[in-house]
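Structure file model.txt with compact mmCIF, C-alpha atoms:
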# COMPACT_ATOMS: atom_id res chain seq x y z
CA MET P 246 -81.95 -216.74 -180.06
CA GLY P 247 -78.56 -216.65 -178.41
CA SER P 248 -77.41 -218.81 -175.54
CA TYR P 249 -77.00 -217.06 -172.19
CA GLY P 250 -75.39 -219.84 -170.24
CA GLN P 251 -75.78 -223.52 -169.54
CA LEU P 252 -78.85 -224.95 -167.89
CA ALA P 253 -78.19 -226.63 -164.57
CA ARG P 254 -77.06 -230.20 -165.12
CA ARG P 255 -79.02 -231.33 -162.09
CA ALA P 256 -82.25 -230.00 -163.62
CA VAL P 257 -81.55 -231.22 -167.16
CA GLU P 258 -80.77 -234.76 -166.00
CA THR P 259 -83.92 -234.98 -163.89
CA ASN P 260 -86.72 -236.84 -165.65
CA MET P 261 -89.94 -235.01 -166.35
CA PRO P 262 -92.28 -235.88 -163.44
CA ILE P 263 -94.70 -238.63 -164.38
CA MET P 264 -97.73 -236.62 -163.30
CA VAL P 265 -96.81 -233.81 -165.70
CA GLN P 266 -96.69 -236.40 -168.47
CA ILE P 267 -99.99 -237.91 -167.36
CA GLN P 268 -101.74 -234.53 -167.25
CA GLN P 269 -100.60 -233.93 -170.81
CA LEU P 270 -101.92 -237.36 -171.77
CA VAL P 271 -105.32 -236.68 -170.18
CA ARG P 272 -105.59 -233.40 -172.07
CA GLY P 273 -104.57 -235.03 -175.34
CA ALA P 274 -106.88 -238.06 -175.16
CA LYS P 275 -110.49 -237.25 -176.07
CA ASN P 276 -112.85 -237.36 -173.07
CA ALA P 277 -110.38 -239.44 -171.03
CA VAL P 278 -111.01 -240.05 -167.33
CA SER P 279 -108.21 -240.50 -164.84
CA LEU P 280 -107.49 -243.39 -162.51
CA ALA P 281 -103.93 -242.10 -162.37
CA GLN P 282 -103.27 -239.23 -159.98
CA GLY P 283 -103.20 -239.92 -156.26
CA VAL P 284 -106.03 -237.66 -155.16
CA VAL P 285 -109.27 -238.02 -153.20
CA TYR P 286 -112.68 -236.89 -154.39
CA TRP P 287 -113.65 -234.91 -151.28
CA GLN P 288 -112.97 -231.32 -150.30
CA PRO P 289 -111.86 -230.14 -146.85
CA PRO P 290 -114.53 -230.04 -144.11
CA LYS P 291 -117.16 -227.38 -144.82
CA GLN P 292 -116.96 -226.08 -141.25
CA ALA P 293 -113.22 -225.56 -141.65
CA LEU P 294 -113.64 -223.80 -145.00
CA ASP P 295 -116.28 -221.52 -143.53
CA LYS P 296 -113.93 -220.53 -140.70
CA VAL P 297 -110.99 -219.65 -142.96
CA ARG P 298 -113.27 -217.70 -145.29
CA GLU P 299 -113.77 -215.29 -142.42
CA LEU P 300 -109.99 -214.87 -142.04
CA VAL P 301 -109.10 -213.45 -145.44
CA TRP P 302 -109.19 -209.84 -144.20
CA GLU P 303 -107.03 -210.59 -141.17
CA PRO P 304 -103.64 -208.85 -141.81
CA SER P 305 -101.55 -211.70 -140.38
CA ILE P 306 -102.87 -214.03 -143.09
CA SER P 307 -100.98 -212.06 -145.75
CA ARG P 308 -97.71 -211.83 -143.84
CA TYR P 309 -94.89 -214.28 -143.29
CA GLY P 310 -95.46 -216.56 -140.36
CA ALA P 311 -93.08 -218.50 -138.14
CA ASP P 312 -90.95 -220.77 -140.31
CA GLU P 313 -91.83 -223.84 -138.25
CA GLY P 314 -95.58 -223.22 -138.47
CA ILE P 315 -98.21 -221.20 -136.60
CA PRO P 316 -98.06 -222.08 -132.87
CA GLU P 317 -101.71 -223.18 -132.60
CA LEU P 318 -101.30 -225.76 -135.39
CA ARG P 319 -98.00 -227.05 -134.08
CA GLU P 320 -99.45 -227.57 -130.61
CA ALA P 321 -102.49 -229.35 -132.06
CA LEU P 322 -100.19 -231.60 -134.11
CA VAL P 323 -98.06 -232.51 -131.10
CA GLN P 324 -101.23 -233.58 -129.31
CA LYS P 325 -102.39 -235.53 -132.37
CA LEU P 326 -99.04 -237.34 -132.57
CA HIS P 327 -99.34 -238.32 -128.90
CA ARG P 328 -102.97 -239.39 -129.14
CA GLU P 329 -103.11 -241.13 -132.52
CA ASN P 330 -99.57 -242.10 -133.47
CA LYS P 331 -98.04 -242.84 -130.05
CA LEU P 332 -95.12 -240.54 -130.85
CA TYR P 333 -94.04 -238.96 -127.56
CA LYS P 334 -90.49 -237.79 -128.29
CA SER P 335 -91.04 -235.93 -131.54
CA SER P 336 -91.06 -232.24 -132.38
CA VAL P 337 -93.07 -230.80 -135.27
CA MET P 338 -92.41 -228.52 -138.22
CA VAL P 339 -95.22 -227.61 -140.62
CA THR P 340 -94.21 -227.89 -144.27
CA ALA P 341 -95.59 -226.87 -147.65
CA GLY P 342 -96.92 -230.32 -148.49
CA ALA P 343 -95.04 -233.50 -147.71
CA ASN P 344 -92.44 -233.67 -150.48
CA GLN P 345 -89.85 -231.01 -149.57
CA MET P 346 -86.80 -233.22 -150.10
CA THR P 347 -83.79 -232.18 -152.12
CA GLY P 348 -80.12 -232.99 -152.62
CA VAL P 349 -80.60 -236.77 -152.61
CA THR P 350 -78.04 -238.58 -154.77
CA ASN P 351 -76.93 -242.17 -155.46
CA ILE P 352 -80.41 -243.59 -154.97
CA LEU P 353 -80.72 -247.35 -154.52
CA VAL P 354 -84.20 -248.85 -155.01
CA GLY P 355 -84.75 -251.99 -152.96
CA PRO P 356 -86.73 -254.97 -154.19
CA GLY P 357 -90.13 -255.93 -152.86
CA HIS P 358 -91.31 -259.44 -152.03
CA PRO P 359 -92.76 -260.90 -155.27
CA LYS P 360 -95.99 -262.01 -153.58
CA THR P 361 -96.60 -259.44 -150.84
CA LEU P 362 -94.65 -256.46 -152.24
CA TYR P 363 -93.28 -255.89 -148.71
CA PRO P 364 -89.83 -254.24 -148.55
CA ASP P 365 -87.01 -256.79 -148.48
CA ALA P 366 -85.39 -256.31 -145.06
CA ASP P 367 -82.68 -258.91 -145.81
CA TRP P 368 -81.64 -256.93 -148.89
CA LEU P 369 -81.62 -253.73 -146.84
CA GLU P 370 -79.46 -255.25 -144.10
CA LYS P 371 -76.98 -256.59 -146.65
CA THR P 372 -76.91 -253.34 -148.64
CA LEU P 373 -76.32 -251.12 -145.61
CA SER P 374 -73.54 -253.38 -144.34
CA GLU P 375 -71.75 -253.81 -147.67
CA THR P 376 -72.19 -250.46 -149.44
CA LYS P 377 -69.38 -247.98 -148.73
CA PRO P 378 -69.87 -245.32 -147.66
CA THR P 379 -72.95 -246.52 -145.80
CA PRO P 380 -76.10 -244.97 -147.28
CA LYS P 381 -77.21 -242.06 -145.11
CA LEU P 382 -80.94 -242.42 -145.50
CA VAL P 383 -83.57 -245.09 -146.04
CA THR P 384 -87.16 -244.20 -146.85
CA VAL P 385 -90.40 -246.20 -146.94
CA VAL P 386 -94.00 -245.21 -147.59
CA ASN P 387 -96.54 -246.88 -145.33
CA PRO P 388 -99.16 -247.66 -146.60
CA GLY P 389 -97.33 -247.76 -149.87
CA ASN P 390 -97.30 -245.77 -153.06
CA PRO P 391 -97.49 -247.14 -155.76
CA SER P 392 -98.56 -250.50 -154.34
CA GLY P 393 -101.08 -249.71 -151.61
CA THR P 394 -99.31 -252.33 -149.48
CA TYR P 395 -99.17 -251.94 -145.70
CA ILE P 396 -95.92 -252.88 -143.99
CA PRO P 397 -96.61 -255.11 -140.96
CA ASP P 398 -95.54 -253.68 -137.61
CA SER P 399 -92.90 -256.34 -137.04
CA LEU P 400 -91.30 -255.69 -140.43
CA LEU P 401 -91.32 -251.92 -139.93
CA LYS P 402 -89.65 -252.41 -136.55
CA ARG P 403 -86.99 -254.62 -138.12
CA ILE P 404 -86.32 -252.03 -140.84
CA SER P 405 -85.98 -249.42 -138.10
CA ASP P 406 -83.51 -251.58 -136.16
CA ILE P 407 -81.44 -252.26 -139.27
CA CYS P 408 -81.17 -248.53 -139.98
CA ARG P 409 -80.29 -247.74 -136.37
CA ASP P 410 -77.55 -250.37 -136.25
CA ALA P 411 -76.10 -249.15 -139.57
CA GLY P 412 -76.15 -245.50 -138.52
CA SER P 413 -78.64 -244.55 -141.24
CA TRP P 414 -81.67 -242.28 -140.97
CA LEU P 415 -85.09 -243.82 -141.58
CA VAL P 416 -87.74 -241.57 -143.14
CA VAL P 417 -91.27 -242.99 -142.99
CA ASP P 418 -93.93 -241.36 -145.15
CA ASN P 419 -97.26 -241.75 -143.35
CA THR P 420 -99.34 -239.75 -145.84
CA TYR P 421 -101.94 -242.52 -146.01
CA GLU P 422 -102.15 -243.21 -142.27
CA TYR P 423 -105.98 -243.10 -142.30
CA PHE P 424 -106.34 -245.10 -145.50
CA MET P 425 -106.45 -248.59 -144.06
CA TYR P 426 -108.78 -251.44 -145.04
CA ASP P 427 -109.74 -254.93 -143.91
CA ASP P 428 -109.48 -254.01 -140.21
CA LEU P 429 -105.77 -253.17 -140.46
CA LYS P 430 -104.47 -250.50 -138.07
CA HIS P 431 -101.74 -248.01 -138.86
CA THR P 432 -98.83 -247.61 -136.45
CA CYS P 433 -95.66 -245.53 -136.37
CA VAL P 434 -92.14 -246.14 -135.11
CA GLU P 435 -90.12 -243.58 -133.15
CA GLY P 436 -86.42 -243.19 -132.42
CA ASN P 437 -83.50 -240.80 -132.62
CA HIS P 438 -82.78 -241.99 -136.16
CA ILE P 439 -86.40 -241.79 -137.40
CA ILE P 440 -88.22 -238.98 -139.19
CA ASN P 441 -91.97 -239.36 -139.71
CA ILE P 442 -93.70 -237.43 -142.48
CA PHE P 443 -97.44 -236.65 -142.58
CA SER P 444 -99.76 -234.75 -144.90
CA PHE P 445 -103.15 -233.03 -144.93
CA SER P 446 -103.44 -233.44 -148.70
CA LYS P 447 -105.20 -236.79 -148.94
CA ALA P 448 -106.81 -237.13 -145.51
CA TYR P 449 -108.60 -233.78 -145.57
CA GLY P 450 -108.81 -233.26 -149.34
CA MET P 451 -106.29 -230.41 -149.14
CA MET P 452 -104.13 -231.30 -152.15
CA GLY P 453 -104.01 -227.75 -153.49
CA TRP P 454 -103.61 -226.09 -150.07
CA ARG P 455 -100.13 -227.63 -149.63
CA VAL P 456 -99.76 -228.45 -145.94
CA GLY P 457 -97.82 -231.31 -144.42
CA TYR P 458 -95.67 -231.77 -141.35
CA ILE P 459 -92.55 -233.51 -140.23
CA ALA P 460 -92.13 -235.18 -136.84
CA TYR P 461 -88.45 -235.30 -135.95
CA PRO P 462 -86.60 -236.58 -132.85
CA SER P 463 -86.62 -233.95 -130.10
CA GLU P 464 -83.55 -235.43 -128.42
CA VAL P 465 -81.24 -235.00 -131.43
CA GLU P 466 -79.44 -231.75 -130.71
CA GLY P 467 -79.54 -229.19 -133.51
CA PHE P 468 -81.91 -231.11 -135.78
CA GLY P 469 -84.64 -228.46 -135.66
CA THR P 470 -82.09 -225.73 -136.32
CA GLN P 471 -80.98 -227.41 -139.53
CA LEU P 472 -84.58 -227.86 -140.63
CA LEU P 473 -85.18 -224.14 -140.15
CA LYS P 474 -82.31 -223.37 -142.52
CA VAL P 475 -83.90 -225.49 -145.23
CA GLN P 476 -87.40 -224.17 -144.54
CA ASP P 477 -86.47 -220.49 -144.67
CA ASN P 478 -84.49 -220.89 -147.88
CA ILE P 479 -87.16 -222.83 -149.79
CA PRO P 480 -90.78 -222.01 -148.85
CA ILE P 481 -90.10 -219.73 -145.79
CA CYS P 482 -93.33 -221.09 -144.33
CA ALA P 483 -96.39 -222.98 -145.44
CA SER P 484 -99.25 -220.75 -146.62
CA ILE P 485 -100.73 -219.10 -143.52
CA ILE P 486 -104.36 -219.45 -144.55
CA SER P 487 -103.67 -223.08 -145.45
CA GLN P 488 -102.29 -223.68 -141.98
CA HIS P 489 -105.46 -222.26 -140.44
CA LEU P 490 -107.54 -224.56 -142.65
CA ALA P 491 -105.39 -227.48 -141.50
CA LEU P 492 -105.96 -226.51 -137.86
CA HIS P 493 -109.74 -226.29 -138.25
CA SER P 494 -109.80 -229.52 -140.25
CA LEU P 495 -107.84 -231.25 -137.51
CA GLU P 496 -110.51 -230.14 -135.04
CA MET P 497 -113.01 -232.35 -136.91
CA GLY P 498 -111.11 -235.38 -135.64
CA PRO P 499 -109.88 -238.49 -137.45
CA GLU P 500 -113.44 -239.81 -137.65
CA TRP P 501 -114.19 -237.21 -140.33
CA VAL P 502 -111.52 -238.78 -142.51
CA THR P 503 -112.15 -242.45 -141.74
CA GLU P 504 -115.84 -242.04 -142.56
CA ARG P 505 -114.88 -240.98 -146.08
CA VAL P 506 -112.23 -243.65 -146.41
CA LYS P 507 -114.94 -246.25 -145.75
CA GLY P 508 -116.54 -245.13 -149.01
CA LEU P 509 -113.38 -246.03 -150.90
CA VAL P 510 -113.83 -249.72 -150.09
CA LYS P 511 -116.56 -249.90 -152.74
CA ASN P 512 -114.34 -248.10 -155.24
CA ARG P 513 -111.60 -250.64 -154.57
CA GLU P 514 -114.04 -253.50 -155.24
CA ILE P 515 -115.20 -251.87 -158.47
CA VAL P 516 -111.65 -251.45 -159.78
CA LEU P 517 -110.60 -254.94 -158.66
CA GLU P 518 -113.46 -256.39 -160.69
CA ALA P 519 -112.37 -254.35 -163.71
CA LEU P 520 -108.88 -255.82 -163.42
CA SER P 521 -110.14 -259.43 -163.33
CA PRO P 522 -109.38 -260.08 -167.03
CA LEU P 523 -105.69 -260.06 -166.07
CA GLY P 524 -106.22 -263.31 -164.17
CA ASP P 525 -105.41 -264.61 -160.72
CA ASN P 526 -102.40 -263.18 -158.86
CA ALA P 527 -101.92 -260.33 -161.36
CA VAL P 528 -103.26 -257.68 -158.98
CA LYS P 529 -101.65 -256.87 -155.63
CA GLY P 530 -101.75 -254.19 -152.94
CA GLY P 531 -104.81 -252.23 -151.95
CA GLU P 532 -104.40 -253.02 -148.23
CA GLY P 533 -104.04 -249.31 -147.63
CA ALA P 534 -103.64 -245.99 -149.45
CA ILE P 535 -105.65 -245.56 -152.68
CA TYR P 536 -103.78 -247.78 -155.12
CA LEU P 537 -103.81 -251.18 -156.77
CA TRP P 538 -100.80 -252.62 -158.56
CA ALA P 539 -101.40 -254.75 -161.66
CA LYS P 540 -99.01 -256.84 -163.73
CA LEU P 541 -99.54 -256.73 -167.49
CA PRO P 542 -99.28 -259.93 -169.54
CA ASP P 543 -95.62 -260.89 -169.99
CA LYS P 544 -95.34 -259.77 -173.61
CA TYR P 545 -96.37 -256.19 -172.72
CA VAL P 546 -93.22 -255.00 -171.01
CA ASP P 547 -93.64 -251.55 -172.60
CA ASP P 548 -96.17 -250.27 -170.07
CA ASP P 549 -95.76 -246.69 -171.27
CA LYS P 550 -97.01 -247.72 -174.72
CA PHE P 551 -99.90 -249.57 -173.09
CA VAL P 552 -100.88 -246.54 -170.99
CA HIS P 553 -101.00 -244.32 -174.10
CA TRP P 554 -103.00 -246.95 -175.99
CA LEU P 555 -105.46 -247.33 -173.12
CA ALA P 556 -105.95 -243.57 -172.91
CA HIS P 557 -106.57 -243.02 -176.61
CA ARG P 558 -108.39 -246.27 -177.36
CA HIS P 559 -110.52 -246.62 -174.22
CA GLY P 560 -110.46 -243.17 -172.62
CA VAL P 561 -109.03 -244.09 -169.22
CA VAL P 562 -105.62 -243.18 -167.81
CA VAL P 563 -103.40 -245.08 -165.35
CA ILE P 564 -99.74 -244.76 -164.28
CA PRO P 565 -97.06 -246.87 -166.01
CA GLY P 566 -95.06 -249.02 -163.62
CA SER P 567 -91.84 -248.00 -165.35
CA ALA P 568 -92.26 -244.57 -163.73
CA CYS P 569 -91.86 -246.42 -160.41
CA GLY P 570 -88.94 -248.54 -161.64
CA CYS P 571 -91.11 -251.58 -162.44
CA PRO P 572 -91.80 -251.93 -166.18
CA GLY P 573 -94.60 -254.26 -167.21
CA ASN P 574 -96.92 -253.05 -164.45
CA VAL P 575 -99.45 -250.27 -163.93
CA ARG P 576 -100.71 -248.34 -160.89
CA ILE P 577 -104.42 -247.66 -160.60
CA SER P 578 -105.81 -245.07 -158.17
CA PHE P 579 -109.34 -245.57 -156.85
CA GLY P 580 -109.54 -242.48 -154.64
CA GLY P 581 -110.28 -239.61 -156.99
CA LEU P 582 -113.80 -240.39 -158.20
CA VAL P 583 -117.19 -240.73 -156.54
CA GLU P 584 -118.69 -244.22 -156.85
CA ASP P 585 -120.77 -243.69 -160.01
CA ASP P 586 -117.87 -242.04 -161.85
CA CYS P 587 -115.55 -244.79 -160.62
CA LYS P 588 -117.93 -247.38 -162.10
CA ALA P 589 -117.85 -245.63 -165.47
CA ALA P 590 -114.04 -245.39 -165.45
CA ALA P 591 -113.71 -249.01 -164.35
CA GLU P 592 -115.95 -250.16 -167.20
CA ARG P 593 -113.56 -248.50 -169.66
CA LEU P 594 -110.66 -250.14 -167.85
CA ARG P 595 -112.27 -253.58 -168.06
CA ARG P 596 -112.98 -253.20 -171.78
CA GLY P 597 -109.39 -252.17 -172.33
CA PHE P 598 -107.96 -255.22 -170.58
CA GLU P 599 -110.43 -257.56 -172.27
CA GLU P 600 -109.36 -256.26 -175.67
CA LEU P 601 -105.69 -256.41 -174.70
CA ILE P 602 -106.00 -260.08 -173.72
CA ARG P 603 -108.16 -260.99 -176.73
CA ASP P 604 -106.67 -258.98 -179.60
CA GLY P 605 -103.65 -257.09 -178.32
CA MET P 606 -103.24 -253.33 -178.67
CA VAL P 607 -105.51 -252.72 -181.65
CA GLU P 608 -105.07 -249.28 -183.15

Encoded form using structure tokens:
Amino acid sequence: MGSYGQLARRAVETNMPIMVQIQQLVRGAKNAVSLAQGVVYWQPPKQALDKVRELVWEPSISRYGADEGIPELREALVQKLHRENKLYKSSVMVTAGANQMTGVTNILVGPGHPKTLYPDADWLEKTLSETKPTPKLVTVVNPGNPSGTYIPDSLLKRISDICRDAGSWLVVDNTYEYFMYDDLKHTCVEGNHIINIFSFSKAYGMMGWRVGYIAYPSEVEGFGTQLLKVQDNIPICASIISQHLALHSLEMGPEWVTERVKGLVKNREIVLEALSPLGDNAVKGGEGAIYLWAKLPDKYVDDDKFVHWLAHRHGVVVIPGSACGCPGNVRISFGGLVEDDCKAAAERLRRGFEELIRDGMVE
């Protein structure tokens, strides 16, 4: 076949997303189960699903909606931000999921504390002051992905202050705001340099419905206008029926979510036990979100090879740390399976690590 022009360099030089690779691995490994993808095992609230089922014949559902989101949902989200997140000076735009970011270049990945995995604020302060031009944007995920680490309030505030003083935007991804354990409480920071991102995907089991929202500073003139330009040229608007499902799910209250998150505590214990062959101090995170972060024995730096071996030899799939810039580690998700299935997957995981420690990667 002939060539009809060059493929976009930006696309060609972008790595294949790790989850695409993992899905291919799951399909290729016989009867493999996944502790890889960041999903939850529950569906949206039944009451909410029943309500949107009645809407399918409503003409407005099949038409374009307001770019910034249907008014009822936006109003409900503003109230939620006031009530739950203590964000009083933020406006809201509804998005198609929580990962609509593009055009980011010259990415610098900051180190985490070797024991806590907390972001290194000293490194950030030094980097923003010494790098020219000053980086325009800093982003953190809280609780974290891939680590499941929760950033303490005082540290998050310091990161915010550093960004403000440097003239950089701070984007905080709060996707896992309800996924907190051990009596920890999630909080947000607000300011004219801060953008907070939220999602319905994990909290309400709406991964495939693709609804998130961005809380941006109301007092920054023109910010919403620029967002509308991006929104209209990429998704136009989030799916209208999905927005109605989000609204009716929100009506269930945060208790609906936190009740299900409580069930993940047992899953976390099950997976932690399965990781015990790695020894003390090898496993970190799990304070929030749905992830644990495990260091492989020193001689197994090639975590991608290990992940493929584990999938084909023991029938369980995890994420290689190299996909997150940290070779020699793996990320394990404990959110996607009900307890009994989690036990079965964890047993495979334990057998895999026991064999790795005892005999290496036996083919």

Problem - Who sits within 10 Å of Val465 (chain P), all atoms listed in the file, same chain under 6 positions skipped, as a ChimeraX atom specification - result: /P:335,436-438

Handout entry: Residue nearest Val385 (chain P) - candidates P:Glu532, P:Asp365, P:Glu320, P:Glu464, atoms counted: all atoms listed in the file
Key =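 Using all atoms listed in the file, Val385 (chain P) sits closest to P:Asp365.
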
Quick one: everything within 12 Å of Leu582 (chain P), counting only C-alpha atoms, minus sequence neighbours fewer than 5 positions away in the same chain. Send it as a PDB file with C-alpha atoms, in the frame of the given file.
ATOM      1  CA  VAL P 278    -111.010-240.050-167.330  1.00  0.00           C
ATOM      2  CA  SER P 279    -108.210-240.500-164.840  1.00  0.00           C
ATOM      3  CA  LEU P 280    -107.490-243.390-162.510  1.00  0.00           C
ATOM      4  CA  ALA P 281    -103.930-242.100-162.370  1.00  0.00           C
ATOM      5  CA  GLN P 282    -103.270-239.230-159.980  1.00  0.00           C
ATOM      6  CA  GLY P 283    -103.200-239.920-156.260  1.00  0.00           C
ATOM      7  CA  VAL P 284    -106.030-237.660-155.160  1.00  0.00           C
ATOM      8  CA  VAL P 285    -109.270-238.020-153.200  1.00  0.00           C
ATOM      9  CA  TYR P 286    -112.680-236.890-154.390  1.00  0.00           C
ATOM     10  CA  TRP P 287    -113.650-234.910-151.280  1.00  0.00           C
ATOM     11  CA  GLY P 508    -116.540-245.130-149.010  1.00  0.00           C
ATOM     12  CA  LEU P 509    -113.380-246.030-150.900  1.00  0.00           C
ATOM     13  CA  LYS P 511    -116.560-249.900-152.740  1.00  0.00           C
ATOM     14  CA  ASN P 512    -114.340-248.100-155.240  1.00  0.00           C
ATOM     15  CA  ARG P 513    -111.600-250.640-154.570  1.00  0.00           C
ATOM     16  CA  ILE P 515    -115.200-251.870-158.470  1.00  0.00           C
ATOM     17  CA  VAL P 516    -111.650-251.450-159.780  1.00  0.00           C
ATOM     18  CA  ILE P 535    -105.650-245.560-152.680  1.00  0.00           C
ATOM     19  CA  CYS P 587    -115.550-244.790-160.620  1.00  0.00           C
ATOM     20  CA  LYS P 588    -117.930-247.380-162.100  1.00  0.00           C
ATOM     21  CA  ALA P 589    -117.850-245.630-165.470  1.00  0.00           C
ATOM     22  CA  ALA P 590    -114.040-245.390-165.450  1.00  0.00           C
ATOM     23  CA  ALA P 591    -113.710-249.010-164.350  1.00  0.00           C
TER      24      ALA P 591
END

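Atom to atom, CA of Trp538 (chain P) and CA of Arg576 (chain P) stand 4.9 Å apart.
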
Handout entry: Shortest interatomic distance to Leu326 (chain P) - which of P:Val583, P:Ile404, P:Ala460, P:Leu594, counting all atoms listed in the file
Key = P:Ala460

Handout entry: Gap from CA of Asp367 (chain P) to CA of Asn441 (chain P) - Å, one decimal
Key = 22.5 Å

Handout entry: Pick from P:Val607, P:Val434, P:Ile486, P:Val265, whichever lies nearest to Glu299 (chain P) using only C-alpha atoms
Key =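 Closest to Glu299 (chain P) of all the choices is P:Ile486.
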
Excluding Phe445 (chain P) and any residue of its chain fewer than 6 positions from it, enumerate the residues within 9 Å of it, using all atoms listed in the file, and give them as a compact mmCIF listing (two decimals) with C-alpha atoms, in the coordinates of the input.
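The file below, around_0.txt, is the result:
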# COMPACT_ATOMS: atom_id res chain seq x y z
CA GLY P 342 -96.92 -230.32 -148.49
CA ALA P 343 -95.04 -233.50 -147.71
CA THR P 420 -99.34 -239.75 -145.84
CA MET P 451 -106.29 -230.41 -149.14
CA MET P 452 -104.13 -231.30 -152.15
CA TRP P 454 -103.61 -226.09 -150.07
CA ARG P 455 -100.13 -227.63 -149.63
CA VAL P 456 -99.76 -228.45 -145.94
CA GLY P 457 -97.82 -231.31 -144.42
CA TYR P 458 -95.67 -231.77 -141.35
CA ALA P 491 -105.39 -227.48 -141.50
CA SER P 494 -109.80 -229.52 -140.25
CA LEU P 495 -107.84 -231.25 -137.51
